[in-house]
$ cat data_7.pdb   # PDB, C-alpha atoms, pLDDT in the B column
ATOM      1  CA  ASP A 223     -27.249 155.009 176.311  1.00 93.00           C
ATOM      2  CA  THR A 224     -30.989 155.174 175.618  1.00 97.00           C
ATOM      3  CA  LEU A 225     -32.817 151.882 175.152  1.00 96.00           C
ATOM      4  CA  HIS A 226     -35.871 152.058 172.900  1.00 96.00           C
ATOM      5  CA  ILE A 227     -38.250 149.138 173.448  1.00 96.00           C
ATOM      6  CA  GLY A 228     -41.984 148.774 172.895  1.00 93.00           C
ATOM      7  CA  GLY A 229     -42.477 152.521 172.614  1.00 94.00           C
ATOM      8  CA  LEU A 230     -40.564 153.187 175.834  1.00 97.00           C
ATOM      9  CA  ASN A 231     -37.393 155.253 176.012  1.00 98.00           C
ATOM     10  CA  VAL A 232     -35.181 154.005 178.839  1.00 98.00           C
ATOM     11  CA  VAL A 233     -32.463 156.583 179.485  1.00 98.00           C
ATOM     12  CA  ASN A 234     -29.037 155.984 181.020  1.00 97.00           C
ATOM     13  CA  GLN A 235     -29.167 152.261 180.388  1.00 97.00           C
ATOM     14  CA  GLY A 236     -25.863 150.482 180.752  1.00 94.00           C
ATOM     15  CA  PHE A 237     -24.818 148.218 177.879  1.00 91.00           C
ATOM     16  CA  ALA A 238     -22.187 145.519 177.726  1.00 86.00           C
ATOM     17  CA  GLU A 239     -20.109 145.089 174.582  1.00 85.00           C
ATOM     18  CA  VAL A 240     -19.098 141.550 173.731  1.00 82.00           C
ATOM     19  CA  THR A 241     -15.786 141.385 171.930  1.00 84.00           C
ATOM     20  CA  ALA A 242     -15.327 137.622 171.664  1.00 80.00           C
ATOM     21  CA  LEU A 243     -17.689 134.659 171.702  1.00 76.00           C
ATOM     22  CA  PRO A 244     -16.805 130.966 171.875  1.00 71.00           C
ATOM     23  CA  GLY A 245     -18.893 128.532 169.872  1.00 66.00           C
ATOM     24  CA  LEU A 246     -21.474 129.054 167.166  1.00 61.00           C
ATOM     25  CA  THR A 247     -24.380 130.392 169.232  1.00 61.00           C
ATOM     26  CA  PHE A 248     -24.329 133.951 167.968  1.00 66.00           C
ATOM     27  CA  ASP A 249     -23.142 132.966 164.504  1.00 68.00           C
ATOM     28  CA  LEU A 250     -26.217 130.839 163.933  1.00 64.00           C
ATOM     29  CA  ALA A 251     -28.769 132.695 166.061  1.00 69.00           C
ATOM     30  CA  LYS A 252     -31.364 135.085 164.721  1.00 72.00           C
ATOM     31  CA  PHE A 253     -30.791 137.584 167.507  1.00 76.00           C
ATOM     32  CA  ASP A 254     -28.105 140.161 168.162  1.00 79.00           C
ATOM     33  CA  GLY A 255     -27.829 140.224 171.928  1.00 84.00           C
ATOM     34  CA  ILE A 256     -29.399 139.513 175.288  1.00 87.00           C
ATOM     35  CA  LEU A 257     -31.903 141.664 177.189  1.00 92.00           C
ATOM     36  CA  GLY A 258     -31.552 140.507 180.778  1.00 93.00           C
ATOM     37  CA  LEU A 259     -34.784 140.652 182.768  1.00 95.00           C
ATOM     38  CA  ALA A 260     -33.711 138.865 185.951  1.00 95.00           C
ATOM     39  CA  PHE A 261     -32.665 140.455 189.234  1.00 96.00           C
ATOM     40  CA  SER A 262     -29.854 142.879 190.007  1.00 95.00           C
ATOM     41  CA  SER A 263     -28.266 140.366 192.390  1.00 95.00           C
ATOM     42  CA  ILE A 264     -26.740 138.548 189.400  1.00 93.00           C
ATOM     43  CA  SER A 265     -26.058 141.578 187.213  1.00 92.00           C
ATOM     44  CA  VAL A 266     -22.508 141.602 185.873  1.00 88.00           C
ATOM     45  CA  ASP A 267     -20.420 144.478 187.246  1.00 89.00           C
ATOM     46  CA  GLY A 268     -23.470 145.869 189.028  1.00 89.00           C
ATOM     47  CA  VAL A 269     -25.066 147.213 185.845  1.00 93.00           C
ATOM     48  CA  VAL A 270     -28.682 148.213 186.536  1.00 95.00           C
ATOM     49  CA  PRO A 271     -30.943 145.769 184.637  1.00 96.00           C
ATOM     50  CA  PRO A 272     -33.330 147.322 182.087  1.00 96.00           C
ATOM     51  CA  PHE A 273     -36.526 146.439 183.958  1.00 97.00           C
ATOM     52  CA  TYR A 274     -35.247 148.200 187.097  1.00 97.00           C
ATOM     53  CA  ASN A 275     -34.700 151.363 185.054  1.00 98.00           C
ATOM     54  CA  ILE A 276     -38.120 151.013 183.432  1.00 98.00           C
ATOM     55  CA  ILE A 277     -39.709 150.868 186.892  1.00 98.00           C
ATOM     56  CA  ASN A 278     -37.575 153.614 188.449  1.00 97.00           C
ATOM     57  CA  GLN A 279     -38.224 155.949 185.521  1.00 98.00           C
ATOM     58  CA  GLN A 280     -41.964 155.334 185.943  1.00 98.00           C
ATOM     59  CA  LEU A 281     -42.399 154.237 182.343  1.00 98.00           C
ATOM     60  CA  ILE A 282     -45.012 151.586 183.214  1.00 97.00           C
ATOM     61  CA  ASN A 283     -47.971 151.484 185.588  1.00 95.00           C
ATOM     62  CA  SER A 284     -47.331 148.062 187.063  1.00 97.00           C
ATOM     63  CA  PRO A 285     -43.972 146.294 187.666  1.00 98.00           C
ATOM     64  CA  ILE A 286     -44.834 143.114 185.800  1.00 98.00           C
ATOM     65  CA  PHE A 287     -44.257 141.742 182.326  1.00 98.00           C
ATOM     66  CA  GLY A 288     -45.980 139.011 180.384  1.00 98.00           C
ATOM     67  CA  VAL A 289     -44.477 136.647 177.823  1.00 98.00           C
ATOM     68  CA  TRP A 290     -46.270 134.792 175.058  1.00 98.00           C
ATOM     69  CA  LEU A 291     -44.198 132.488 172.855  1.00 96.00           C
ATOM     70  CA  SER A 292     -45.629 131.006 169.686  1.00 91.00           C
ATOM     71  CA  ASN A 293     -45.328 127.258 169.217  1.00 83.00           C
ATOM     72  CA  ASN A 294     -45.809 127.672 165.469  1.00 79.00           C
ATOM     73  CA  PRO A 295     -42.406 128.054 163.764  1.00 70.00           C
ATOM     74  CA  ARG A 296     -44.149 129.242 160.602  1.00 73.00           C
ATOM     75  CA  GLY A 297     -46.349 131.791 162.360  1.00 75.00           C
ATOM     76  CA  GLU A 298     -46.251 135.499 161.598  1.00 78.00           C
ATOM     77  CA  SER A 299     -45.131 136.318 165.146  1.00 85.00           C
ATOM     78  CA  GLY A 300     -42.598 134.434 167.207  1.00 88.00           C
ATOM     79  CA  GLY A 301     -43.884 135.862 170.452  1.00 94.00           C
ATOM     80  CA  GLU A 302     -44.791 138.925 172.451  1.00 96.00           C
ATOM     81  CA  LEU A 303     -43.323 140.719 175.465  1.00 97.00           C
ATOM     82  CA  THR A 304     -45.783 142.966 177.315  1.00 97.00           C
ATOM     83  CA  LEU A 305     -44.080 145.429 179.655  1.00 97.00           C
ATOM     84  CA  GLY A 306     -46.153 146.744 182.549  1.00 97.00           C
ATOM     85  CA  GLY A 307     -49.048 144.352 182.101  1.00 96.00           C
ATOM     86  CA  ILE A 308     -50.374 141.234 180.426  1.00 97.00           C
ATOM     87  CA  ASP A 309     -52.178 140.512 177.160  1.00 97.00           C
ATOM     88  CA  PRO A 310     -55.459 138.717 177.945  1.00 97.00           C
ATOM     89  CA  ASP A 311     -55.895 137.847 174.278  1.00 96.00           C
ATOM     90  CA  ARG A 312     -52.938 135.458 174.538  1.00 96.00           C
ATOM     91  CA  PHE A 313     -54.390 133.023 177.070  1.00 97.00           C
ATOM     92  CA  THR A 314     -57.571 131.515 178.435  1.00 95.00           C
ATOM     93  CA  GLY A 315     -58.561 130.798 182.014  1.00 95.00           C
ATOM     94  CA  SER A 316     -57.027 132.387 185.094  1.00 97.00           C
ATOM     95  CA  ILE A 317     -53.396 132.994 185.966  1.00 98.00           C
ATOM     96  CA  GLN A 318     -52.054 130.730 188.705  1.00 98.00           C
ATOM     97  CA  TYR A 319     -49.090 132.126 190.613  1.00 98.00           C
ATOM     98  CA  VAL A 320     -46.034 130.437 192.077  1.00 98.00           C
ATOM     99  CA  PRO A 321     -43.931 132.304 194.683  1.00 98.00           C
ATOM    100  CA  LEU A 322     -40.248 132.870 194.077  1.00 98.00           C
ATOM    101  CA  THR A 323     -37.803 130.982 196.248  1.00 97.00           C
ATOM    102  CA  ASN A 324     -34.783 133.057 195.232  1.00 95.00           C
ATOM    103  CA  LYS A 325     -34.444 136.520 193.690  1.00 95.00           C
ATOM    104  CA  THR A 326     -31.527 135.841 191.396  1.00 94.00           C
ATOM    105  CA  TYR A 327     -33.046 134.271 188.338  1.00 94.00           C
ATOM    106  CA  TRP A 328     -36.828 133.821 188.419  1.00 97.00           C
ATOM    107  CA  GLN A 329     -36.535 130.763 190.649  1.00 97.00           C
ATOM    108  CA  ILE A 330     -39.458 128.715 191.950  1.00 98.00           C
ATOM    109  CA  ASN A 331     -40.003 125.316 193.547  1.00 98.00           C
ATOM    110  CA  ILE A 332     -40.948 122.284 191.434  1.00 98.00           C
ATOM    111  CA  ALA A 333     -42.875 119.883 193.656  1.00 98.00           C
ATOM    112  CA  ASP A 334     -43.083 116.939 191.279  1.00 97.00           C
ATOM    113  CA  ILE A 335     -42.477 115.695 187.741  1.00 98.00           C
ATOM    114  CA  SER A 336     -44.694 112.962 186.325  1.00 98.00           C
ATOM    115  CA  VAL A 337     -44.837 110.910 183.140  1.00 98.00           C
ATOM    116  CA  GLY A 338     -48.206 109.608 182.021  1.00 97.00           C
ATOM    117  CA  GLY A 339     -49.679 110.677 185.354  1.00 97.00           C
ATOM    118  CA  VAL A 340     -47.105 108.741 187.392  1.00 97.00           C
ATOM    119  CA  SER A 341     -44.664 110.590 189.652  1.00 97.00           C
ATOM    120  CA  GLN A 342     -41.049 109.855 188.765  1.00 97.00           C
ATOM    121  CA  GLY A 343     -39.620 110.763 192.177  1.00 96.00           C
ATOM    122  CA  TYR A 344     -37.207 113.251 190.655  1.00 95.00           C
ATOM    123  CA  CYS A 345     -38.161 116.038 193.063  1.00 95.00           C
ATOM    124  CA  LYS A 346     -38.569 114.458 196.489  1.00 92.00           C
ATOM    125  CA  GLY A 347     -38.669 117.437 198.821  1.00 91.00           C
ATOM    126  CA  GLY A 348     -38.826 119.789 195.843  1.00 95.00           C
ATOM    127  CA  CYS A 349     -36.448 120.845 193.072  1.00 95.00           C
ATOM    128  CA  PRO A 350     -35.276 124.390 192.374  1.00 96.00           C
ATOM    129  CA  GLY A 351     -36.579 125.548 189.019  1.00 97.00           C
ATOM    130  CA  ILE A 352     -35.762 128.612 186.936  1.00 97.00           C
ATOM    131  CA  VAL A 353     -38.285 130.075 184.513  1.00 98.00           C
ATOM    132  CA  ASP A 354     -36.112 131.348 181.679  1.00 96.00           C
ATOM    133  CA  THR A 355     -36.997 132.622 178.207  1.00 94.00           C
ATOM    134  CA  GLY A 356     -33.311 132.494 177.332  1.00 90.00           C
ATOM    135  CA  THR A 357     -33.246 128.679 177.435  1.00 92.00           C
ATOM    136  CA  SER A 358     -34.761 126.984 174.396  1.00 91.00           C
ATOM    137  CA  LEU A 359     -35.549 123.601 175.951  1.00 96.00           C
ATOM    138  CA  ILE A 360     -36.448 122.247 179.381  1.00 97.00           C
ATOM    139  CA  ALA A 361     -33.131 121.511 181.037  1.00 97.00           C
ATOM    140  CA  GLY A 362     -32.372 119.378 184.057  1.00 97.00           C
ATOM    141  CA  PRO A 363     -29.678 117.266 185.725  1.00 95.00           C
ATOM    142  CA  MET A 364     -27.854 115.150 183.161  1.00 95.00           C
ATOM    143  CA  ASN A 365     -28.478 111.679 184.609  1.00 94.00           C
ATOM    144  CA  THR A 366     -32.110 112.425 185.455  1.00 95.00           C
ATOM    145  CA  VAL A 367     -32.940 113.812 182.023  1.00 97.00           C
ATOM    146  CA  GLN A 368     -31.198 110.936 180.294  1.00 96.00           C
ATOM    147  CA  GLU A 369     -33.393 108.570 182.302  1.00 97.00           C
ATOM    148  CA  LEU A 370     -36.490 110.610 181.430  1.00 98.00           C
ATOM    149  CA  ASN A 371     -35.658 110.570 177.730  1.00 97.00           C
ATOM    150  CA  ARG A 372     -35.134 106.797 177.816  1.00 97.00           C
ATOM    151  CA  LYS A 373     -38.555 106.364 179.416  1.00 97.00           C
ATOM    152  CA  LEU A 374     -40.062 108.451 176.629  1.00 97.00           C
ATOM    153  CA  GLY A 375     -38.352 106.271 174.027  1.00 96.00           C
ATOM    154  CA  ALA A 376     -35.773 108.816 172.899  1.00 97.00           C
ATOM    155  CA  ILE A 377     -32.156 107.916 172.212  1.00 96.00           C
ATOM    156  CA  ASN A 378     -29.578 109.919 174.137  1.00 93.00           C
ATOM    157  CA  ILE A 379     -26.908 111.367 171.860  1.00 91.00           C
ATOM    158  CA  ILE A 380     -24.344 114.094 172.592  1.00 85.00           C
ATOM    159  CA  LYS A 381     -24.254 116.880 175.198  1.00 84.00           C
ATOM    160  CA  GLY A 382     -27.452 115.832 176.931  1.00 91.00           C
ATOM    161  CA  GLU A 383     -29.566 115.892 173.792  1.00 95.00           C
ATOM    162  CA  ALA A 384     -31.885 113.081 172.722  1.00 96.00           C
ATOM    163  CA  ILE A 385     -33.664 112.181 169.511  1.00 95.00           C
ATOM    164  CA  PHE A 386     -36.692 110.007 168.850  1.00 96.00           C
ATOM    165  CA  PRO A 387     -36.270 107.128 166.377  1.00 94.00           C
ATOM    166  CA  SER A 388     -39.679 107.959 164.923  1.00 92.00           C
ATOM    167  CA  CYS A 389     -41.823 111.066 164.631  1.00 92.00           C
ATOM    168  CA  ASN A 390     -44.951 109.090 165.498  1.00 92.00           C
ATOM    169  CA  LEU A 391     -46.107 110.881 168.656  1.00 93.00           C
ATOM    170  CA  SER A 392     -49.384 109.027 169.140  1.00 93.00           C
ATOM    171  CA  LYS A 393     -48.075 106.637 171.807  1.00 93.00           C
ATOM    172  CA  LEU A 394     -45.966 109.068 173.800  1.00 97.00           C
ATOM    173  CA  PRO A 395     -47.204 110.091 177.281  1.00 98.00           C
ATOM    174  CA  ASN A 396     -47.749 113.563 178.663  1.00 98.00           C
ATOM    175  CA  VAL A 397     -45.063 114.974 180.957  1.00 98.00           C
ATOM    176  CA  ALA A 398     -46.259 117.210 183.793  1.00 98.00           C
ATOM    177  CA  PHE A 399     -44.712 119.569 186.336  1.00 98.00           C
ATOM    178  CA  THR A 400     -46.418 120.322 189.663  1.00 98.00           C
ATOM    179  CA  LEU A 401     -45.942 123.930 190.758  1.00 98.00           C
ATOM    180  CA  ASN A 402     -47.565 125.312 193.909  1.00 98.00           C
ATOM    181  CA  GLY A 403     -50.292 122.682 193.844  1.00 97.00           C
ATOM    182  CA  GLN A 404     -51.135 123.073 190.156  1.00 98.00           C
ATOM    183  CA  THR A 405     -50.244 120.527 187.485  1.00 98.00           C
ATOM    184  CA  TYR A 406     -48.906 121.828 184.175  1.00 98.00           C
ATOM    185  CA  SER A 407     -48.994 119.131 181.545  1.00 98.00           C
ATOM    186  CA  LEU A 408     -47.075 119.034 178.274  1.00 98.00           C
ATOM    187  CA  SER A 409     -48.312 116.890 175.407  1.00 98.00           C
ATOM    188  CA  PRO A 410     -45.886 115.110 173.061  1.00 97.00           C
ATOM    189  CA  LYS A 411     -46.672 117.745 170.433  1.00 95.00           C
ATOM    190  CA  GLN A 412     -45.457 120.374 172.896  1.00 97.00           C
ATOM    191  CA  TYR A 413     -42.276 118.694 174.120  1.00 97.00           C
ATOM    192  CA  VAL A 414     -41.092 117.130 170.844  1.00 96.00           C
ATOM    193  CA  LEU A 415     -39.426 119.467 168.362  1.00 94.00           C
ATOM    194  CA  GLN A 416     -39.888 118.394 164.771  1.00 90.00           C
ATOM    195  CA  GLN A 417     -37.404 119.685 162.234  1.00 85.00           C
ATOM    196  CA  THR A 418     -37.656 119.004 158.509  1.00 80.00           C
ATOM    197  CA  SER A 419     -34.836 119.424 156.043  1.00 77.00           C
ATOM    198  CA  ASN A 420     -34.732 118.235 152.427  1.00 78.00           C
ATOM    199  CA  GLY A 421     -37.994 116.397 152.964  1.00 78.00           C
ATOM    200  CA  LYS A 422     -36.676 114.414 155.939  1.00 82.00           C
ATOM    201  CA  SER A 423     -38.119 114.952 159.416  1.00 84.00           C
ATOM    202  CA  GLU A 424     -36.196 114.631 162.666  1.00 91.00           C
ATOM    203  CA  CYS A 425     -37.830 114.691 166.095  1.00 94.00           C
ATOM    204  CA  ILE A 426     -35.769 116.032 168.990  1.00 95.00           C
ATOM    205  CA  SER A 427     -36.661 115.751 172.657  1.00 97.00           C
ATOM    206  CA  GLY A 428     -37.473 119.036 174.370  1.00 97.00           C
ATOM    207  CA  PHE A 429     -35.692 117.760 177.508  1.00 97.00           C
ATOM    208  CA  LEU A 430     -31.988 118.549 177.708  1.00 96.00           C
ATOM    209  CA  GLY A 431     -29.509 117.153 180.219  1.00 96.00           C
ATOM    210  CA  ILE A 432     -26.989 119.619 181.635  1.00 94.00           C
ATOM    211  CA  GLU A 433     -24.147 119.351 184.124  1.00 91.00           C
ATOM    212  CA  ILE A 434     -25.173 121.152 187.310  1.00 83.00           C
ATOM    213  CA  PRO A 435     -22.869 121.929 190.268  1.00 81.00           C
ATOM    214  CA  ASP A 436     -23.749 119.898 193.363  1.00 75.00           C
ATOM    215  CA  GLN A 437     -24.355 123.018 195.456  1.00 76.00           C
ATOM    216  CA  LEU A 438     -27.238 124.038 193.192  1.00 75.00           C
ATOM    217  CA  GLY A 439     -29.064 120.758 193.759  1.00 74.00           C
ATOM    218  CA  PRO A 440     -31.313 119.090 191.164  1.00 86.00           C
ATOM    219  CA  LEU A 441     -31.898 122.340 189.285  1.00 94.00           C
ATOM    220  CA  TRP A 442     -34.356 122.455 186.382  1.00 97.00           C
ATOM    221  CA  ILE A 443     -34.805 125.233 183.831  1.00 97.00           C
ATOM    222  CA  LEU A 444     -38.287 125.705 182.406  1.00 98.00           C
ATOM    223  CA  GLY A 445     -37.344 127.227 179.084  1.00 96.00           C
ATOM    224  CA  ASP A 446     -39.188 127.996 175.882  1.00 96.00           C
ATOM    225  CA  VAL A 447     -40.655 124.494 175.494  1.00 96.00           C
ATOM    226  CA  PHE A 448     -42.600 125.121 178.716  1.00 98.00           C
ATOM    227  CA  ILE A 449     -43.257 128.845 178.236  1.00 98.00           C
ATOM    228  CA  SER A 450     -44.656 128.307 174.724  1.00 97.00           C
ATOM    229  CA  ALA A 451     -47.279 126.022 176.297  1.00 97.00           C
ATOM    230  CA  TYR A 452     -48.277 128.458 179.066  1.00 98.00           C
ATOM    231  CA  TYR A 453     -48.574 132.234 179.017  1.00 98.00           C
ATOM    232  CA  THR A 454     -46.097 133.422 181.648  1.00 98.00           C
ATOM    233  CA  VAL A 455     -46.291 136.459 183.906  1.00 98.00           C
ATOM    234  CA  PHE A 456     -43.233 137.762 185.757  1.00 98.00           C
ATOM    235  CA  ASP A 457     -44.527 139.726 188.761  1.00 98.00           C
ATOM    236  CA  PHE A 458     -41.667 141.816 190.086  1.00 97.00           C
ATOM    237  CA  ALA A 459     -43.595 143.575 192.879  1.00 95.00           C
ATOM    238  CA  ASN A 460     -45.032 140.420 194.416  1.00 98.00           C
ATOM    239  CA  SER A 461     -42.033 138.148 193.821  1.00 98.00           C
ATOM    240  CA  ARG A 462     -43.927 135.491 191.882  1.00 98.00           C
ATOM    241  CA  VAL A 463     -44.357 133.912 188.454  1.00 98.00           C
ATOM    242  CA  GLY A 464     -47.775 133.194 186.966  1.00 98.00           C
ATOM    243  CA  PHE A 465     -48.928 130.702 184.341  1.00 98.00           C
ATOM    244  CA  ALA A 466     -52.125 130.407 182.316  1.00 98.00           C
TER     245      ALA A 466
END

$ encode --input "data_7.pdb" --output "structure tokens"
Amino acid sequence: DTLHIGGLNVVNQGFAEVTALPGLTFDLAKFDGILGLAFSSISVDGVVPPFYNIINQQLINSPIFGVWLSNNPRGESGGELTLGGIDPDRFTGSIQYVPLTNKTYWQINIADISVGGVSQGYCKGGCPGIVDTGTSLIAGPMNTVQELNRKLGAINIIKGEAIFPSCNLSKLPNVAFTLNGQTYSLSPKQYVLQQTSNGKSECISGFLGIEIPDQLGPLWILGDVFISAYYTVFDFANSRVGFA
């Protein structure tokens, strides 16, 4: 079929039809499907991913794409995907790049994770990390994230989630990730998700514990909580991810 996106017409794009879905994800979500932008090595049934077709059909000048995610749930725009370039109006400073360690997902190495400026020792020798817009929170190994949430003062509840007993963020520390020698810090305002319903506020930790197979190691996923704090560039040609 032909995929129309951002003014581009991508011809002969393979689509997958989903006929059954477990759980409530798609029932409750405000989206209708998934546009996979990772590498062909993990493509189901060998379907050519959209970005490969965009490049091969010479629809863009440069094989990169930039992602800006709004951290304002009431904002006019939820985010922006720039195909073939970046939007300099969406960030300040320079873009710092991190090389890929695996061309499956956009996988990089996390050198360290610190709380309040103090290394937690979670990534001795480095942790594999995936930069993924399709993951809402920052996800990591179940036991490690449960420990992290306890240190932050959150109460672990079900399925790796944690909630803060109070929405007073003034005493919470920053949490930082070290990537290729650069430190990327998240403030409490950035890693705590505040939801209000019927006049009552609830504050949820942006760190989610997940069960990870042993062969994958202490894998972390830098999802939307991280990407909404830093403009993110996916550089296909140079096998790297950039942050600003």

$ atom_distance --input "data_7.pdb" --atom1 "CA of Ser284 in chain A" --atom2 "CA of Val232 in chain A"
15.8 Å

$ closest_residue --input "data_7.pdb" --among "A:Gly288, A:Gly297, A:Pro363, A:Gly343" --to "Pro440 in chain A" --atoms "all atoms listed in the file"
A:Pro363

$ resolve_selection --input "data_7.pdb" --expression "the PyMOL selection byres ((chain A and resi 390) around 12)" --output "PyMOL selection string"
chain A and resi 375-376+386-389+391-394+410-411+414+416+423-425

$ atom_distance --input "data_7.pdb" --atom1 "CA of Pro395 in chain A" --atom2 "CA of Phe465 in chain A"
21.9 Å

$ resolve_selection --input "data_7.pdb" --expression "the PyMOL selection byres ((chain A and resi 404) around 10)" --output "list of chain:residue names"
A:Gln318, A:Tyr319, A:Val320, A:Ala333, A:Ala398, A:Phe399, A:Thr400, A:Leu401, A:Asn402, A:Gly403, A:Thr405, A:Tyr406, A:Ser407, A:Phe465

$ atom_distance --input "data_7.pdb" --atom1 "CA of Ile277 in chain A" --atom2 "CA of Phe458 in chain A"
9.8 Å

$ residues_around --input "data_7.pdb" --residues "Val233 in chain A" --least-positions-apart "5" --cutoff "9 Å" --atoms "only C-alpha atoms" --output "list in words"
Asp223, Thr224, Leu225, His226, Asn275, Ile276 and Gln279 of chain A

$ closest_residue --input "data_7.pdb" --among "A:Pro321, A:Pro295, A:Gly301, A:Gly356" --to "Ile443 in chain A" --atoms "only C-alpha atoms"
A:Gly356

$ closest_residue --input "data_7.pdb" --among "A:Leu441, A:Ile426, A:Leu408, A:Val397" --to "Val340 in chain A" --atoms "only C-alpha atoms"
A:Val397

$ resolve_selection --input "data_7.pdb" --expression "the PyMOL selection byres ((chain A and resi 261) around 10)" --output "MDAnalysis selection string"
chainID A and resid 258:260 262:265 270:274 324:328 458

$ build_atoms --input "data_7.pdb" --residues "range 223-242 of chain A" --atoms "N, CA and C atoms" --output "compact mmCIF listing (two decimals), in the frame of the given file"
# COMPACT_ATOMS: atom_id res chain seq x y z
N ASP A 223 -26.57 154.80 177.58
CA ASP A 223 -27.25 155.01 176.31
C ASP A 223 -28.76 154.96 176.56
N THR A 224 -29.54 155.24 175.51
CA THR A 224 -30.99 155.17 175.62
C THR A 224 -31.49 153.91 174.93
N LEU A 225 -32.24 153.12 175.67
CA LEU A 225 -32.82 151.88 175.15
C LEU A 225 -34.24 152.16 174.70
N HIS A 226 -34.53 151.89 173.44
CA HIS A 226 -35.87 152.06 172.90
C HIS A 226 -36.50 150.67 172.77
N ILE A 227 -37.60 150.45 173.50
CA ILE A 227 -38.25 149.14 173.45
C ILE A 227 -39.75 149.29 173.67
N GLY A 228 -40.54 148.76 172.75
CA GLY A 228 -41.98 148.77 172.90
C GLY A 228 -42.58 150.15 173.09
N GLY A 229 -41.98 151.15 172.48
CA GLY A 229 -42.48 152.52 172.61
C GLY A 229 -41.96 153.24 173.85
N LEU A 230 -41.15 152.57 174.64
CA LEU A 230 -40.56 153.19 175.83
C LEU A 230 -39.14 153.65 175.54
N ASN A 231 -38.76 154.76 176.13
CA ASN A 231 -37.39 155.25 176.01
C ASN A 231 -36.74 155.19 177.39
N VAL A 232 -35.83 154.23 177.55
CA VAL A 232 -35.18 154.00 178.84
C VAL A 232 -33.82 154.70 178.81
N VAL A 233 -33.69 155.78 179.55
CA VAL A 233 -32.46 156.58 179.48
C VAL A 233 -31.42 156.03 180.46
N ASN A 234 -30.18 156.35 180.16
CA ASN A 234 -29.04 155.98 181.02
C ASN A 234 -28.96 154.48 181.29
N GLN A 235 -29.25 153.72 180.25
CA GLN A 235 -29.17 152.26 180.39
C GLN A 235 -27.76 151.77 180.07
N GLY A 236 -27.19 151.03 180.99
CA GLY A 236 -25.86 150.48 180.75
C GLY A 236 -25.91 149.32 179.77
N PHE A 237 -24.95 149.30 178.86
CA PHE A 237 -24.82 148.22 177.88
C PHE A 237 -23.49 147.52 178.07
N ALA A 238 -23.44 146.26 177.70
CA ALA A 238 -22.19 145.52 177.73
C ALA A 238 -21.82 145.15 176.29
N GLU A 239 -20.59 145.45 175.92
CA GLU A 239 -20.11 145.09 174.58
C GLU A 239 -19.36 143.77 174.65
N VAL A 240 -19.77 142.85 173.80
CA VAL A 240 -19.10 141.55 173.73
C VAL A 240 -18.08 141.60 172.60
N THR A 241 -16.85 141.30 172.93
CA THR A 241 -15.79 141.38 171.93
C THR A 241 -15.34 140.02 171.41
N ALA A 242 -15.69 138.97 172.12
CA ALA A 242 -15.33 137.62 171.66
C ALA A 242 -16.35 136.63 172.18
